[in-house]
Protein chains: 2
Amino acid sequence: MQDILFDFISKYISLTEDEKNAILSLDIFRSVKKGTILLKEGQKSRDCYFVLKGCIRKYYIIDGEEKTTAFFTEMEELTPHCVINNAPSEYFISCVEDTILTVANPDMGVEIFTKFPKFEIMCRILSGELLAKQQIDFDEFKTSSPEQRYLNLLQNRPDLIQRVPQHQLASFLGIKPQSLSRLRARILEKSKE
Amino acid sequence: MQDILFDFISKYISLTEDEKNAILSLDIFRSVKKGTILLKEGQKSRDCYFVLKGCIRKYYIIDGEEKTTAFFTEMEELTPHCVINNAPSEYFISCVEDTILTVANPDMGVEIFTKFPKFEIMCRILSGELLAKQQIDFDEFKTSSPEQRYLNLLQNRPDLIQRVPQHQLASFLGIKPQSLSRLRARILEKSKE
DNA sequence: ATCATTTCTTAACTTAAGTGAACGAATTTT
DNA sequence: AAAATTCGTTCACTTAAGTTAAGAAATGAT
């Protein structure tokens, strides 16, 4: 299971056995049940997540309504905003499925960064890549209609549509669950013609 | 003028005179006229921009229509996607105003990174921060209506509304220029009551 | 297995954004 | 300075999303 993590890391830097052991000694692997809330609004956490298997979800509660803004599945990393600005979290993080993930915090990182400067390099590359991906996603969202967004999702992350409840998907697409139902019916209608 | 850049950098790392000179020797300062196109769709550029004064804009042309997805003003940095994936650009970058910026590319960076590892640290922090900011912006966009987005913009970046043409603002907000006009009229109407 | 709750869909109605066109104002070109 | 283009607003009309409500289906709890 740790191999998933090391395979991932090896895409960016090569690790010696020493370095691998240093990581393992941190004891960062966690297995969490579906529905578990990893982070609550208002909470000050230092934990960052990397999903090895499963799916976690980030959502706000605005006027009593859940607004899901992101899903993180295999090989995806989530550094909550509250970790960066060291303020209470504006949102929740919970498990959509039974999930295996690593939990690490920057305080553990300091050790690692000083012992193995390589990690600095990986972090730069990784957050650069994430930033780029995020920008493209944002652009795509801005330049398309809800229907196009749904069709894009169908193309690019068909798994999400299967594994995630519709009402969470809807707010992820920026619409209400009823609108998603309607929109899907509309698409089906069109494809019949 | 270079001081603006050094002041910015000093928020992340402290620079020696040597390091400052190394940067200056790269000759990265450029002054560009309003309307200049810095990057075109299909082009393979290696240039990254940091705005010292003025405003640049990123936009797609989709079905013959301009779709503006971002503005970059003083102290903001833009690393085009094509620089990261080394593929032809999907979008354009042009100057909204007469602008002073730095133009740097990763090839120049390699020198600097090896000579001064500090920059590695700055880049990690900076792209981490950008990523966090970008995520918050994206969340805010997803969870709000066009009208709320406009009101948020009025709060958070009132300057943009002044310095940028309305039709560019509209697509930045994810709507058509006519809808922006209407929406503003609606808000005015409400405030009268 | 039954009951309760949550989730998904459908429908009717309301509200807001998209579309196409027109017009004056501002800006750019010649 | 005049002509041409671009820009911003308004209008009437169309389309799609929000809202409220209801019922069926699926899920979870006892």
# chains A, B, ... in the order shown; residues from 1 in each chain; ligands from 1
call {"tool": "closest_atom_pairs", "arguments": {"of": "chain B", "to": "chain A", "cutoff": "7 Å", "atoms": "only C-alpha atoms", "output": "CSV"}}
result
residue,atom,partner,partner_atom,distance
B:Lys67,CA,A:Thr143,CA,6.5
B:Thr69,CA,A:Asp139,CA,5.8
B:His81,CA,A:Ala132,CA,6.0
B:Glu120,CA,A:Ile121,CA,6.9
B:Ile121,CA,A:Glu120,CA,6.9
B:Cys123,CA,A:Arg124,CA,6.3
B:Arg124,CA,A:Arg124,CA,4.4
B:Ser127,CA,A:Gly128,CA,5.9
B:Gly128,CA,A:Ser127,CA,5.9
B:Leu131,CA,A:Leu131,CA,5.1
B:Ala132,CA,A:His81,CA,6.0
B:Phe138,CA,A:Phe138,CA,6.4
B:Asp139,CA,A:Thr69,CA,5.7
B:Lys142,CA,A:Gly174,CA,5.2
B:Thr143,CA,A:Lys67,CA,6.5
B:Gly174,CA,A:Lys142,CA,5.3
call {"tool": "select_by_dssp", "arguments": {"residues": "chain A", "states": "helix (DSSP H, G or I)", "output": "VMD selection string"}}
result
chain A and resid 2 to 10 17 to 24 81 to 85 106 to 115 118 to 142 146 to 156 158 to 163 166 to 172 177 to 192
call {"tool": "closest_atom_pairs", "arguments": {"of": "chain C", "to": "chain B", "cutoff": "9 Å", "atoms": "only C-alpha atoms (C1' of nucleotides)", "output": "JSON lines"}}
result
{"residue": "C:DA16", "atom": "C1'", "partner": "B:Ser179", "partner_atom": "CA", "distance": 9.0}
{"residue": "C:DA17", "atom": "C1'", "partner": "B:Ser179", "partner_atom": "CA", "distance": 6.5}
{"residue": "C:DG18", "atom": "C1'", "partner": "B:Lys176", "partner_atom": "CA", "distance": 7.7}
call {"tool": "interface_residues", "arguments": {"of": "chain D", "to": "chain A", "cutoff": "12 Å", "atoms": "only C-alpha atoms (C1' of nucleotides)", "output": "MDAnalysis selection string"}}
result
chainID D and resid 16:20 26:27
call {"tool": "residues_around", "arguments": {"residues": "B:Ile37", "least_positions_apart": "3", "cutoff": "8 Å", "atoms": "only C-alpha atoms (C1' of nucleotides)", "output": "VMD selection string"}}
result
chain B and resid 40 92 to 95
call {"tool": "write_last_selection", "arguments": {"atoms": "N, CA and C atoms", "output": "PDB file, in the first residue's frame"}}
result
ATOM      1  N   LYS B  40       0.092  34.108 -28.045  1.00  0.00           N
ATOM      2  CA  LYS B  40      -1.053  33.756 -28.881  1.00  0.00           C
ATOM      3  C   LYS B  40      -1.380  32.282 -28.772  1.00  0.00           C
ATOM      4  N   PHE B  92      -4.695  33.205 -25.166  1.00  0.00           N
ATOM      5  CA  PHE B  92      -3.972  34.427 -25.470  1.00  0.00           C
ATOM      6  C   PHE B  92      -3.669  35.185 -24.178  1.00  0.00           C
ATOM      7  N   ILE B  93      -2.635  35.993 -24.220  1.00  0.00           N
ATOM      8  CA  ILE B  93      -2.365  36.928 -23.133  1.00  0.00           C
ATOM      9  C   ILE B  93      -2.111  38.291 -23.760  1.00  0.00           C
ATOM     10  N   SER B  94      -2.840  39.281 -23.311  1.00  0.00           N
ATOM     11  CA  SER B  94      -2.620  40.623 -23.855  1.00  0.00           C
ATOM     12  C   SER B  94      -2.651  41.669 -22.760  1.00  0.00           C
ATOM     13  N   CYS B  95      -2.191  42.868 -23.106  1.00  0.00           N
ATOM     14  CA  CYS B  95      -2.117  43.960 -22.134  1.00  0.00           C
ATOM     15  C   CYS B  95      -3.374  44.803 -22.148  1.00  0.00           C
TER      16      CYS B  95
END
call {"tool": "residues_around", "arguments": {"residues": "B:Arg163", "least_positions_apart": "2", "cutoff": "9 Å", "atoms": "only C-alpha atoms (C1' of nucleotides)", "output": "list in words"}}
result
Cys55, Val96, Glu97, Asp159, Leu160, Ile161 and Pro165 of chain B
call {"tool": "select_by_dssp", "arguments": {"residues": "chain A", "states": "strand (DSSP E or B)", "output": "PyMOL selection string"}}
result
chain A and resi 29-32+37-39+48-53+55-62+65-73+77-78+92-95+99-104
call {"tool": "write_last_selection", "arguments": {"atoms": "N, CA and C atoms", "output": "short mmCIF file (atom, residue, chain, number, x, y, z; two decimals), in the first residue's frame"}}
result
data_model
loop_
_atom_site.label_atom_id
_atom_site.label_comp_id
_atom_site.auth_asym_id
_atom_site.auth_seq_id
_atom_site.Cartn_x
_atom_site.Cartn_y
_atom_site.Cartn_z
N PHE A 29 0.00 6.63 7.43
CA PHE A 29 -1.09 5.97 6.73
C PHE A 29 -2.33 5.83 7.61
N ARG A 30 -3.46 6.18 7.05
CA ARG A 30 -4.71 6.10 7.79
C ARG A 30 -5.79 5.45 6.91
N SER A 31 -6.67 4.73 7.58
CA SER A 31 -7.80 4.12 6.89
C SER A 31 -9.06 4.69 7.52
N VAL A 32 -9.90 5.33 6.72
CA VAL A 32 -11.07 6.01 7.29
C VAL A 32 -12.37 5.55 6.63
N ILE A 37 -15.84 12.65 9.04
CA ILE A 37 -15.49 14.05 8.77
C ILE A 37 -14.05 14.29 9.21
N LEU A 38 -13.19 14.63 8.28
CA LEU A 38 -11.77 14.80 8.58
C LEU A 38 -11.47 16.20 9.09
N LEU A 39 -12.25 17.16 8.61
CA LEU A 39 -12.03 18.55 9.01
C LEU A 39 -13.37 19.26 9.06
N CYS A 48 -2.58 17.58 6.20
CA CYS A 48 -2.73 17.54 4.75
C CYS A 48 -2.98 16.10 4.33
N TYR A 49 -3.74 15.92 3.27
CA TYR A 49 -4.14 14.58 2.89
C TYR A 49 -3.65 14.22 1.49
N PHE A 50 -3.32 12.95 1.36
CA PHE A 50 -3.00 12.41 0.04
C PHE A 50 -3.77 11.11 -0.09
N VAL A 51 -4.66 11.05 -1.07
CA VAL A 51 -5.56 9.90 -1.18
C VAL A 51 -4.87 8.75 -1.92
N LEU A 52 -4.79 7.61 -1.27
CA LEU A 52 -4.21 6.43 -1.89
C LEU A 52 -5.31 5.59 -2.54
N LYS A 53 -6.47 5.55 -1.88
CA LYS A 53 -7.60 4.78 -2.39
C LYS A 53 -8.87 5.33 -1.80
N CYS A 55 -12.17 8.26 -1.88
CA CYS A 55 -12.57 9.60 -2.35
C CYS A 55 -12.96 10.48 -1.17
N ILE A 56 -12.37 11.65 -1.12
CA ILE A 56 -12.79 12.61 -0.10
C ILE A 56 -13.32 13.86 -0.78
N ARG A 57 -14.05 14.64 -0.02
CA ARG A 57 -14.83 15.73 -0.58
C ARG A 57 -14.71 16.96 0.29
N LYS A 58 -14.63 18.10 -0.37
CA LYS A 58 -14.52 19.37 0.33
C LYS A 58 -15.83 20.11 0.15
N TYR A 59 -16.42 20.60 1.21
CA TYR A 59 -17.68 21.34 1.05
C TYR A 59 -17.85 22.44 2.09
N TYR A 60 -18.59 23.44 1.69
CA TYR A 60 -18.94 24.55 2.56
C TYR A 60 -20.37 24.35 3.04
N ILE A 61 -20.72 24.96 4.13
CA ILE A 61 -22.15 25.06 4.47
C ILE A 61 -22.50 26.53 4.47
N ILE A 62 -23.30 26.91 3.45
CA ILE A 62 -23.66 28.31 3.25
C ILE A 62 -25.17 28.42 3.35
N GLU A 65 -26.89 25.23 3.60
CA GLU A 65 -26.83 24.31 2.46
C GLU A 65 -25.40 23.87 2.18
N GLU A 66 -25.25 22.58 1.93
CA GLU A 66 -23.94 22.05 1.56
C GLU A 66 -23.56 22.48 0.14
N LYS A 67 -22.37 23.02 0.00
CA LYS A 67 -21.87 23.36 -1.33
C LYS A 67 -20.56 22.64 -1.56
N THR A 68 -20.61 21.59 -2.34
CA THR A 68 -19.42 20.80 -2.61
C THR A 68 -18.60 21.46 -3.71
N THR A 69 -17.31 21.71 -3.43
CA THR A 69 -16.50 22.39 -4.45
C THR A 69 -15.40 21.52 -5.03
N ALA A 70 -15.10 20.39 -4.37
CA ALA A 70 -14.04 19.55 -4.94
C ALA A 70 -14.10 18.12 -4.41
N PHE A 71 -13.65 17.21 -5.26
CA PHE A 71 -13.46 15.82 -4.87
C PHE A 71 -11.99 15.47 -5.07
N PHE A 72 -11.47 14.62 -4.21
CA PHE A 72 -10.10 14.17 -4.35
C PHE A 72 -10.09 12.66 -4.33
N THR A 73 -9.58 12.08 -5.41
CA THR A 73 -9.53 10.62 -5.50
C THR A 73 -8.07 10.15 -5.59
N GLU A 77 -3.94 15.19 -3.98
CA GLU A 77 -3.44 15.73 -2.72
C GLU A 77 -4.27 16.94 -2.33
N LEU A 78 -4.54 17.07 -1.06
CA LEU A 78 -5.33 18.20 -0.57
C LEU A 78 -4.65 18.85 0.62
N PHE A 92 -15.57 22.07 5.24
CA PHE A 92 -15.52 20.71 5.77
C PHE A 92 -14.81 19.79 4.78
N ILE A 93 -14.24 18.71 5.31
CA ILE A 93 -13.72 17.64 4.45
C ILE A 93 -14.26 16.33 5.00
N SER A 94 -14.88 15.56 4.13
CA SER A 94 -15.40 14.27 4.59
C SER A 94 -15.14 13.18 3.57
N CYS A 95 -15.32 11.93 3.99
CA CYS A 95 -15.06 10.78 3.12
C CYS A 95 -16.32 10.35 2.39
N THR A 99 -11.87 5.15 2.72
CA THR A 99 -10.70 5.73 2.06
C THR A 99 -9.40 5.43 2.80
N ILE A 100 -8.36 5.18 2.02
CA ILE A 100 -7.03 5.06 2.61
C ILE A 100 -6.23 6.28 2.19
N LEU A 101 -5.66 6.96 3.14
CA LEU A 101 -4.92 8.17 2.80
C LEU A 101 -3.72 8.35 3.72
N THR A 102 -2.86 9.26 3.32
CA THR A 102 -1.78 9.63 4.22
C THR A 102 -2.14 10.98 4.83
N VAL A 103 -1.82 11.13 6.08
CA VAL A 103 -2.05 12.39 6.78
C VAL A 103 -0.70 12.90 7.22
N ALA A 104 -0.34 14.06 6.73
CA ALA A 104 0.95 14.63 7.11
C ALA A 104 0.75 16.08 7.47
#
call {"tool": "residues_around", "arguments": {"residues": "D:DT6", "least_positions_apart": "5", "cutoff": "12 Å", "atoms": "only C-alpha atoms (C1' of nucleotides)", "output": "CSV table (one decimal) with N, CA and C atoms (P, O5', C5', C4', C3', O3' and C1' of nucleotides), in the first residue's frame"}}
result
chain,number,residue,atom,x,y,z
B,165,PRO,N,-12.5,46.9,-19.6
B,165,PRO,CA,-13.7,47.0,-20.3
B,165,PRO,C,-14.8,46.1,-19.8
B,167,HIS,N,-17.1,44.3,-21.3
B,167,HIS,CA,-17.4,43.0,-21.9
B,167,HIS,C,-16.3,41.9,-21.5
C,25,DA,P,-25.5,60.0,-27.2
C,25,DA,O5',-24.3,59.2,-26.8
C,25,DA,C5',-24.4,58.3,-25.7
C,25,DA,C4',-23.0,57.8,-25.4
C,25,DA,C3',-21.9,58.8,-25.5
C,25,DA,O3',-21.0,58.7,-24.4
C,25,DA,C1',-21.4,57.1,-27.0
C,26,DA,P,-19.7,59.5,-24.2
C,26,DA,O5',-18.6,58.6,-24.7
C,26,DA,C5',-18.4,57.3,-24.1
C,26,DA,C4',-17.3,56.6,-24.8
C,26,DA,C3',-16.0,57.4,-25.0
C,26,DA,O3',-14.9,56.6,-24.5
C,26,DA,C1',-16.7,56.5,-27.1
C,27,DT,P,-13.4,57.1,-24.4
C,27,DT,O5',-12.8,56.3,-25.7
C,27,DT,C5',-13.1,54.9,-25.9
C,27,DT,C4',-12.5,54.4,-27.2
C,27,DT,C3',-11.1,55.0,-27.5
C,27,DT,O3',-10.2,53.9,-27.7
C,27,DT,C1',-12.6,55.2,-29.3
C,28,DT,P,-8.7,54.1,-28.1
C,28,DT,O5',-8.7,53.9,-29.6
C,28,DT,C5',-9.5,52.8,-30.2
C,28,DT,C4',-9.4,52.7,-31.7
C,28,DT,C3',-8.0,53.1,-32.2
C,28,DT,O3',-7.6,52.1,-33.1
C,28,DT,C1',-9.7,54.4,-33.3
C,29,DT,P,-6.3,52.2,-34.0
C,29,DT,O5',-6.9,52.7,-35.4
C,29,DT,C5',-8.1,52.1,-36.0
C,29,DT,C4',-8.3,52.6,-37.4
C,29,DT,C3',-7.1,52.9,-38.2
C,29,DT,O3',-7.3,52.4,-39.5
C,29,DT,C1',-8.5,54.9,-38.0
call {"tool": "atom_distance", "arguments": {"atom1": "atom CA of B:Ile23", "atom2": "atom CA of B:Ile9"}}
result
11.2 Å
call {"tool": "residues_around", "arguments": {"residues": "C:DT9", "least_positions_apart": "5", "cutoff": "10 Å", "atoms": "only C-alpha atoms (C1' of nucleotides)", "output": "MDAnalysis selection string"}}
result
(chainID A and resid 177:178 181:182 185) or (chainID D and resid 23:25)
call {"tool": "closest_residue", "arguments": {"among": "A:Ile187, A:Leu15, A:Leu26, A:Leu151", "to": "A:Lys118", "atoms": "only C-alpha atoms"}}
result
A:Leu15
